[in-house]
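Below: the structure, in structure tokens.
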Amino acid sequence: VWHNILIIAIATILFGIAGGLYAKHKQHTDYASTRNLMTERSYRGASANEEVQADINLGKTFAKIIESKDVAQMAHRKLPKGIKKEYSATQISSMVDASPVMQTTMVKVSVKAKTAKDSSTIVNAVTDAAAKKIPQAVPSVGKISLFAKENSNDAQSNTSPSIKKYTLIGAAAGFLLGMVIAFSITTWTKLS
């Protein structure tokens with residue numbers, strides 16, 4: 001019995017360490033900055049409710065425009081030289097995530113980048129470009145208002161993968177493998 005417990009414990013520890021080291025090796029941190037934009041116009045008369053609903057329904061269209069290569073190219077031209085060299089317009093387009101805020105005329109624009117400064121600078125450039133591009137694509141839209149500019153202090157950091165999670169997964173896999181090995185050895189010695 002002690003022999004089996006030792007095999008299970010060793011397998012659990014070794015696989016837990018391996019999982020933790022793998023996660024440590026693959027770990028990286030991304031920074032996400034978010035800025036909102038909103039369409040606004042004066043809604044008056046009997047059709048005001050329908051106009052508001054029409055603008056709310058255009059949220060997905062605005063999000064697609066914001067994520068488009070046209071907006072990314074316009075934003076790329078506005079970036080400082082250092083950031084412009086590091087990211088192409090295609091990369092910027094893939095970094096942008098725009099989603100309409102439910103039951104409002106707002107669109108939330110997020111950008112993930114390697115540094116907090118890059119993510120805040122790019123999200124500001126993208127939203128500035130989108131404020132010009134959306135009225136060109138949808139002429140009936142009202143005024144586009146941008147919320148306060150993001151700065152690097154506002155960026156949220158996200159580190160992945162989690163070392164604790166991979167250590168636990170490795171330990172669980174080691175525990176199961178240790179049980180299989182211990183059971184196999186016990187069975188094999190009894191049959192011999």
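Here, A, B, ... name the chains of the structure tokens in the order displayed, residue numbers run from 1 inside each chain, and ligands are numbered from 1 in the same displayed order.
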Please produce, as CSV, a per-residue contact table for stretch 4-58 of chain A versus stretch 170-177 of chain A (criterion: any atom at most 8 Å away, only C-alpha atoms considered), showing the nearest atom pair and its distance in Å to one decimal, sorted by chain then residue number.
```
residue,atom,partner,partner_atom,distance
A:Ile8,CA,A:Phe175,CA,5.7
A:Ala9,CA,A:Phe175,CA,7.1
A:Ala11,CA,A:Gly174,CA,4.7
A:Thr12,CA,A:Gly174,CA,4.1
A:Ile13,CA,A:Ala171,CA,6.2
A:Leu14,CA,A:Gly174,CA,7.1
A:Phe15,CA,A:Gly170,CA,4.7
A:Gly16,CA,A:Ala171,CA,3.9
A:Ile17,CA,A:Gly170,CA,7.4
A:Ala18,CA,A:Gly170,CA,6.8
A:Gly19,CA,A:Gly170,CA,4.7
A:Gly20,CA,A:Gly170,CA,7.6
```
Could those residues be written to a file, using N, CA and C atoms, as an mmCIF file, in the first residue's frame?
```
data_model
loop_
_atom_site.group_PDB
_atom_site.id
_atom_site.type_symbol
_atom_site.label_atom_id
_atom_site.label_comp_id
_atom_site.auth_asym_id
_atom_site.auth_seq_id
_atom_site.Cartn_x
_atom_site.Cartn_y
_atom_site.Cartn_z
ATOM 1 N N ILE A 8 1.850 7.274 -6.481
ATOM 2 C CA ILE A 8 0.814 8.291 -6.770
ATOM 3 C C ILE A 8 1.307 9.682 -6.374
ATOM 4 N N ALA A 9 1.944 9.802 -5.205
ATOM 5 C CA ALA A 9 2.431 11.103 -4.731
ATOM 6 C C ALA A 9 3.519 11.648 -5.650
ATOM 7 N N ALA A 11 4.051 10.918 -8.863
ATOM 8 C CA ALA A 11 3.455 11.284 -10.157
ATOM 9 C C ALA A 11 2.689 12.603 -10.036
ATOM 10 N N THR A 12 1.950 12.777 -8.930
ATOM 11 C CA THR A 12 1.188 14.013 -8.718
ATOM 12 C C THR A 12 2.120 15.214 -8.631
ATOM 13 N N ILE A 13 3.183 15.098 -7.856
ATOM 14 C CA ILE A 13 4.126 16.210 -7.691
ATOM 15 C C ILE A 13 4.845 16.524 -8.992
ATOM 16 N N LEU A 14 5.340 15.492 -9.681
ATOM 17 C CA LEU A 14 6.083 15.723 -10.931
ATOM 18 C C LEU A 14 5.202 16.385 -12.001
ATOM 19 N N PHE A 15 3.978 15.893 -12.170
ATOM 20 C CA PHE A 15 3.097 16.463 -13.189
ATOM 21 C C PHE A 15 2.623 17.862 -12.782
ATOM 22 N N GLY A 16 2.424 18.093 -11.478
ATOM 23 C CA GLY A 16 2.066 19.439 -11.009
ATOM 24 C C GLY A 16 3.171 20.437 -11.306
ATOM 25 N N ILE A 17 4.408 20.049 -11.030
ATOM 26 C CA ILE A 17 5.561 20.920 -11.326
ATOM 27 C C ILE A 17 5.677 21.154 -12.825
ATOM 28 N N ALA A 18 5.488 20.098 -13.618
ATOM 29 C CA ALA A 18 5.577 20.233 -15.079
ATOM 30 C C ALA A 18 4.508 21.188 -15.609
ATOM 31 N N GLY A 19 3.288 21.077 -15.080
ATOM 32 C CA GLY A 19 2.208 21.977 -15.494
ATOM 33 C C GLY A 19 2.511 23.420 -15.144
ATOM 34 N N GLY A 20 3.027 23.640 -13.929
ATOM 35 C CA GLY A 20 3.377 24.995 -13.496
ATOM 36 C C GLY A 20 4.503 25.598 -14.326
#
```
key: Shortest interatomic distance to A:Ser152 - which of A:Ala54, A:Leu79, A:Leu6, A:Ala113, counting only C-alpha atoms   =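 Checking each candidate against A:Ser152, we get A:Ala113 as the closest.
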inquiry  = Could you list, as number ranges by chain, every residue within 10 Å of A:Asp154, counting only C-alpha atoms and ignoring same-chain residues fewer than 5 positions away?
reply    = A: 31-34, 116-117, 119-120, 149
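Those residues that approach A:Ala129 to within 7 Å, counting only C-alpha atoms, are Val71, Met74, Ala75, Ala125, Val126, Thr127, Ala131, Lys132 and Lys133 of chain A; same-chain residues fewer than 2 positions away are not listed.
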Export, as a tab-separated table (two decimals), in the first residue's frame, the selected residues with N, CA and C atoms.
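Done, and the output landed in selection_17.tsv:
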```tsv
chain	number	residue	atom	x	y	z
A	71	VAL	N	-11.24	51.67	-41.01
A	71	VAL	CA	-11.03	52.40	-39.77
A	71	VAL	C	-9.62	52.13	-39.24
A	74	MET	N	-7.13	54.22	-41.20
A	74	MET	CA	-7.21	55.63	-40.82
A	74	MET	C	-6.58	55.83	-39.44
A	75	ALA	N	-6.84	54.91	-38.51
A	75	ALA	CA	-6.26	54.99	-37.17
A	75	ALA	C	-4.74	54.82	-37.23
A	125	ALA	N	-7.05	56.26	-31.13
A	125	ALA	CA	-6.95	56.49	-32.58
A	125	ALA	C	-8.09	55.81	-33.33
A	126	VAL	N	-8.43	54.59	-32.91
A	126	VAL	CA	-9.51	53.84	-33.57
A	126	VAL	C	-10.85	54.54	-33.38
A	127	THR	N	-11.15	54.98	-32.18
A	127	THR	CA	-12.44	55.63	-31.94
A	127	THR	C	-12.51	57.00	-32.65
A	131	ALA	N	-15.29	57.78	-35.51
A	131	ALA	CA	-16.20	58.93	-35.45
A	131	ALA	C	-16.27	59.66	-36.78
A	132	LYS	N	-15.23	59.55	-37.59
A	132	LYS	CA	-15.25	60.15	-38.93
A	132	LYS	C	-15.79	59.18	-39.97
A	133	LYS	N	-15.51	57.89	-39.81
A	133	LYS	CA	-15.88	56.90	-40.82
A	133	LYS	C	-17.35	56.51	-40.75
```
Residue neighbourhood A:Asp70, 12 Å, only C-alpha atoms, exclusion window fewer than 5 positions, as a PDB file with all heavy atoms, in the first residue's frame:
```pdb
ATOM      1  N   LYS A  64     -19.303  46.743 -36.664  1.00  0.00           N
ATOM      2  CA  LYS A  64     -18.602  46.180 -37.834  1.00  0.00           C
ATOM      3  C   LYS A  64     -17.748  47.241 -38.522  1.00  0.00           C
ATOM      4  O   LYS A  64     -16.633  46.957 -38.975  1.00  0.00           O
ATOM      5  CB  LYS A  64     -19.610  45.597 -38.834  1.00  0.00           C
ATOM      6  CG  LYS A  64     -20.320  44.370 -38.346  1.00  0.00           C
ATOM      7  CD  LYS A  64     -19.391  43.199 -38.242  1.00  0.00           C
ATOM      8  CE  LYS A  64     -20.133  41.963 -37.807  1.00  0.00           C
ATOM      9  NZ  LYS A  64     -19.249  40.918 -37.347  1.00  0.00           N
ATOM     10  N   ILE A  65     -18.274  48.458 -38.606  1.00  0.00           N
ATOM     11  CA  ILE A  65     -17.504  49.550 -39.219  1.00  0.00           C
ATOM     12  C   ILE A  65     -16.249  49.821 -38.390  1.00  0.00           C
ATOM     13  O   ILE A  65     -15.157  49.985 -38.929  1.00  0.00           O
ATOM     14  CB  ILE A  65     -18.379  50.820 -39.353  1.00  0.00           C
ATOM     15  CG1 ILE A  65     -19.498  50.589 -40.371  1.00  0.00           C
ATOM     16  CG2 ILE A  65     -17.516  52.012 -39.767  1.00  0.00           C
ATOM     17  CD1 ILE A  65     -20.567  51.671 -40.383  1.00  0.00           C
ATOM     18  N   ALA A  75      -6.843  54.907 -38.511  1.00  0.00           N
ATOM     19  CA  ALA A  75      -6.262  54.993 -37.170  1.00  0.00           C
ATOM     20  C   ALA A  75      -4.745  54.820 -37.231  1.00  0.00           C
ATOM     21  O   ALA A  75      -4.011  55.522 -36.528  1.00  0.00           O
ATOM     22  CB  ALA A  75      -6.873  53.921 -36.268  1.00  0.00           C
ATOM     23  N   HIS A  76      -4.274  53.924 -38.078  1.00  0.00           N
ATOM     24  CA  HIS A  76      -2.832  53.664 -38.217  1.00  0.00           C
ATOM     25  C   HIS A  76      -2.095  54.936 -38.625  1.00  0.00           C
ATOM     26  O   HIS A  76      -1.002  55.221 -38.136  1.00  0.00           O
ATOM     27  CB  HIS A  76      -2.604  52.545 -39.238  1.00  0.00           C
ATOM     28  CG  HIS A  76      -1.188  52.100 -39.337  1.00  0.00           C
ATOM     29  ND1 HIS A  76      -0.354  52.541 -40.336  1.00  0.00           N
ATOM     30  CD2 HIS A  76      -0.448  51.272 -38.557  1.00  0.00           C
ATOM     31  CE1 HIS A  76       0.830  51.995 -40.173  1.00  0.00           C
ATOM     32  NE2 HIS A  76       0.815  51.216 -39.093  1.00  0.00           N
ATOM     33  N   ARG A  77      -2.706  55.716 -39.513  1.00  0.00           N
ATOM     34  CA  ARG A  77      -2.074  56.965 -39.965  1.00  0.00           C
ATOM     35  C   ARG A  77      -1.954  57.986 -38.835  1.00  0.00           C
ATOM     36  O   ARG A  77      -1.067  58.836 -38.850  1.00  0.00           O
ATOM     37  CB  ARG A  77      -2.866  57.562 -41.130  1.00  0.00           C
ATOM     38  CG  ARG A  77      -2.709  56.783 -42.428  1.00  0.00           C
ATOM     39  CD  ARG A  77      -3.264  57.545 -43.616  1.00  0.00           C
ATOM     40  NE  ARG A  77      -4.702  57.702 -43.577  1.00  0.00           N
ATOM     41  CZ  ARG A  77      -5.575  56.868 -44.124  1.00  0.00           C
ATOM     42  NH1 ARG A  77      -5.159  55.792 -44.756  1.00  0.00           N
ATOM     43  NH2 ARG A  77      -6.864  57.109 -44.048  1.00  0.00           N
ATOM     44  N   ALA A  89      -1.796  48.054 -40.040  1.00  0.00           N
ATOM     45  CA  ALA A  89      -3.245  48.304 -40.030  1.00  0.00           C
ATOM     46  C   ALA A  89      -4.018  46.998 -39.880  1.00  0.00           C
ATOM     47  O   ALA A  89      -5.043  46.946 -39.189  1.00  0.00           O
ATOM     48  CB  ALA A  89      -3.660  49.025 -41.305  1.00  0.00           C
ATOM     49  N   THR A  90      -3.518  45.930 -40.486  1.00  0.00           N
ATOM     50  CA  THR A  90      -4.180  44.625 -40.368  1.00  0.00           C
ATOM     51  C   THR A  90      -4.131  44.126 -38.925  1.00  0.00           C
ATOM     52  O   THR A  90      -5.116  43.592 -38.416  1.00  0.00           O
ATOM     53  CB  THR A  90      -3.500  43.597 -41.297  1.00  0.00           C
ATOM     54  OG1 THR A  90      -3.488  44.124 -42.622  1.00  0.00           O
ATOM     55  CG2 THR A  90      -4.226  42.277 -41.292  1.00  0.00           C
ATOM     56  N   ILE A  92      -3.914  46.006 -36.253  1.00  0.00           N
ATOM     57  CA  ILE A  92      -4.813  46.861 -35.475  1.00  0.00           C
ATOM     58  C   ILE A  92      -6.255  46.400 -35.643  1.00  0.00           C
ATOM     59  O   ILE A  92      -7.006  46.306 -34.680  1.00  0.00           O
ATOM     60  CB  ILE A  92      -4.641  48.342 -35.878  1.00  0.00           C
ATOM     61  CG1 ILE A  92      -3.279  48.844 -35.392  1.00  0.00           C
ATOM     62  CG2 ILE A  92      -5.765  49.199 -35.317  1.00  0.00           C
ATOM     63  CD1 ILE A  92      -2.894  50.203 -35.900  1.00  0.00           C
ATOM     64  N   SER A  93      -6.628  46.081 -36.871  1.00  0.00           N
ATOM     65  CA  SER A  93      -7.987  45.616 -37.128  1.00  0.00           C
ATOM     66  C   SER A  93      -8.295  44.344 -36.334  1.00  0.00           C
ATOM     67  O   SER A  93      -9.403  44.188 -35.799  1.00  0.00           O
ATOM     68  CB  SER A  93      -8.167  45.343 -38.626  1.00  0.00           C
ATOM     69  OG  SER A  93      -9.459  44.885 -38.889  1.00  0.00           O
ATOM     70  N   VAL A 126      -8.429  54.585 -32.908  1.00  0.00           N
ATOM     71  CA  VAL A 126      -9.508  53.843 -33.575  1.00  0.00           C
ATOM     72  C   VAL A 126     -10.851  54.535 -33.377  1.00  0.00           C
ATOM     73  O   VAL A 126     -11.624  54.692 -34.334  1.00  0.00           O
ATOM     74  CB  VAL A 126      -9.558  52.380 -33.063  1.00  0.00           C
ATOM     75  CG1 VAL A 126     -10.849  51.695 -33.468  1.00  0.00           C
ATOM     76  CG2 VAL A 126      -8.359  51.602 -33.575  1.00  0.00           C
ATOM     77  N   ALA A 129     -10.985  57.698 -35.464  1.00  0.00           N
ATOM     78  CA  ALA A 129     -11.190  57.359 -36.882  1.00  0.00           C
ATOM     79  C   ALA A 129     -12.624  56.897 -37.120  1.00  0.00           C
ATOM     80  O   ALA A 129     -13.242  57.261 -38.126  1.00  0.00           O
ATOM     81  CB  ALA A 129     -10.195  56.273 -37.307  1.00  0.00           C
ATOM     82  N   ALA A 130     -13.172  56.108 -36.195  1.00  0.00           N
ATOM     83  CA  ALA A 130     -14.543  55.615 -36.345  1.00  0.00           C
ATOM     84  C   ALA A 130     -15.551  56.759 -36.323  1.00  0.00           C
ATOM     85  O   ALA A 130     -16.548  56.732 -37.048  1.00  0.00           O
ATOM     86  CB  ALA A 130     -14.863  54.615 -35.238  1.00  0.00           C
ATOM     87  N   LYS A 132     -15.228  59.547 -37.589  1.00  0.00           N
ATOM     88  CA  LYS A 132     -15.248  60.148 -38.930  1.00  0.00           C
ATOM     89  C   LYS A 132     -15.792  59.184 -39.975  1.00  0.00           C
ATOM     90  O   LYS A 132     -16.439  59.595 -40.936  1.00  0.00           O
ATOM     91  CB  LYS A 132     -13.833  60.591 -39.307  1.00  0.00           C
ATOM     92  CG  LYS A 132     -13.359  61.750 -38.462  1.00  0.00           C
ATOM     93  CD  LYS A 132     -11.986  62.190 -38.859  1.00  0.00           C
ATOM     94  CE  LYS A 132     -11.618  63.383 -37.982  1.00  0.00           C
ATOM     95  NZ  LYS A 132     -10.237  63.439 -37.632  1.00  0.00           N
ATOM     96  N   LYS A 133     -15.514  57.892 -39.807  1.00  0.00           N
ATOM     97  CA  LYS A 133     -15.879  56.902 -40.816  1.00  0.00           C
ATOM     98  C   LYS A 133     -17.354  56.508 -40.747  1.00  0.00           C
ATOM     99  O   LYS A 133     -17.975  56.268 -41.783  1.00  0.00           O
ATOM    100  CB  LYS A 133     -15.001  55.663 -40.619  1.00  0.00           C
ATOM    101  CG  LYS A 133     -14.717  54.901 -41.864  1.00  0.00           C
ATOM    102  CD  LYS A 133     -13.912  55.726 -42.825  1.00  0.00           C
ATOM    103  CE  LYS A 133     -13.278  54.875 -43.884  1.00  0.00           C
ATOM    104  NZ  LYS A 133     -12.859  55.646 -45.036  1.00  0.00           N
ATOM    105  N   ILE A 134     -17.938  56.445 -39.552  1.00  0.00           N
ATOM    106  CA  ILE A 134     -19.335  56.017 -39.420  1.00  0.00           C
ATOM    107  C   ILE A 134     -20.285  56.945 -40.169  1.00  0.00           C
ATOM    108  O   ILE A 134     -21.138  56.474 -40.930  1.00  0.00           O
ATOM    109  CB  ILE A 134     -19.733  55.853 -37.936  1.00  0.00           C
ATOM    110  CG1 ILE A 134     -19.031  54.631 -37.338  1.00  0.00           C
ATOM    111  CG2 ILE A 134     -21.240  55.723 -37.766  1.00  0.00           C
ATOM    112  CD1 ILE A 134     -19.190  54.472 -35.840  1.00  0.00           C
ATOM    113  N   GLN A 136     -19.702  58.671 -42.764  1.00  0.00           N
ATOM    114  CA  GLN A 136     -19.492  58.458 -44.197  1.00  0.00           C
ATOM    115  C   GLN A 136     -20.221  57.202 -44.667  1.00  0.00           C
ATOM    116  O   GLN A 136     -20.801  57.179 -45.752  1.00  0.00           O
ATOM    117  CB  GLN A 136     -18.002  58.321 -44.516  1.00  0.00           C
ATOM    118  CG  GLN A 136     -17.206  59.589 -44.314  1.00  0.00           C
ATOM    119  CD  GLN A 136     -15.710  59.356 -44.472  1.00  0.00           C
ATOM    120  OE1 GLN A 136     -15.247  58.253 -44.758  1.00  0.00           O
ATOM    121  NE2 GLN A 136     -14.930  60.420 -44.278  1.00  0.00           N
ATOM    122  N   ALA A 137     -20.211  56.152 -43.839  1.00  0.00           N
ATOM    123  CA  ALA A 137     -20.844  54.886 -44.217  1.00  0.00           C
ATOM    124  C   ALA A 137     -22.355  54.906 -43.994  1.00  0.00           C
ATOM    125  O   ALA A 137     -23.104  54.278 -44.740  1.00  0.00           O
ATOM    126  CB  ALA A 137     -20.225  53.741 -43.420  1.00  0.00           C
TER     127      ALA A 137
END
```
request  = Using atom CA of A:Gly82 and atom CA of A:Asn151 as the two end points, give the distance in Å to one decimal.
outcome  =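 Atom-to-atom, atom CA of A:Gly82 and atom CA of A:Asn151 are spaced 16.7 Å apart.
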inquiry  = Using only C-alpha atoms for the distances, tell me which of A:Thr115, A:Asn57, A:Ser47, A:Gln73 is nearest to A:Val141.
reply    =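 Of A:Thr115, A:Asn57, A:Ser47, A:Gln73, the one nearest A:Val141 is A:Asn57, counting only C-alpha atoms.
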task = List every residue of stretch 7-156 of chain A that DSSP, applied to the backbone of this structure, assigns to alpha helix (DSSP H), and report them as number ranges by chain.
result = A: 7-26, 48-57, 59-66, 69-78, 81-86, 89-95, 116-137
key: Contact residues around A:Val52 with only C-alpha atoms at 9 Å, ignoring same-chain residues under 4 positions, as an NGL selection string   = :A and (43 or 47-48 or 56-57 or 104-105)
message = Using only C-alpha atoms, can you tell me which of A:Ser160, A:Ser94, A:Trp2, A:Ser42 comes closest to A:Ser110?
response =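 Comparing A:Ser160, A:Ser94, A:Trp2, A:Ser42 against A:Ser110, the winner is A:Ser94.
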key: Residue nearest A:Pro161 - candidates A:Thr61, A:Ser88, A:Thr29, A:Ser145, atoms counted: only C-alpha atoms   =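 Smallest distance to A:Pro161 is found for A:Thr29.
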task = Quick one: pick out all strand (DSSP E or B) residues within stretch 52-156 of chain A from a backbone DSSP run and write them as a list of chain:residue names.
result =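 DSSP-assigned strand (DSSP E or B) residues in stretch 52-156 of chain A: A:Val96, A:Asp97, A:Ala98, A:Ser99, A:Pro100, A:Met106, A:Val107, A:Lys108, A:Val109, A:Ser110, A:Val111, A:Lys112, A:Ala113, A:Lys143, A:Ile144, A:Ser145, A:Leu146, A:Gln156.
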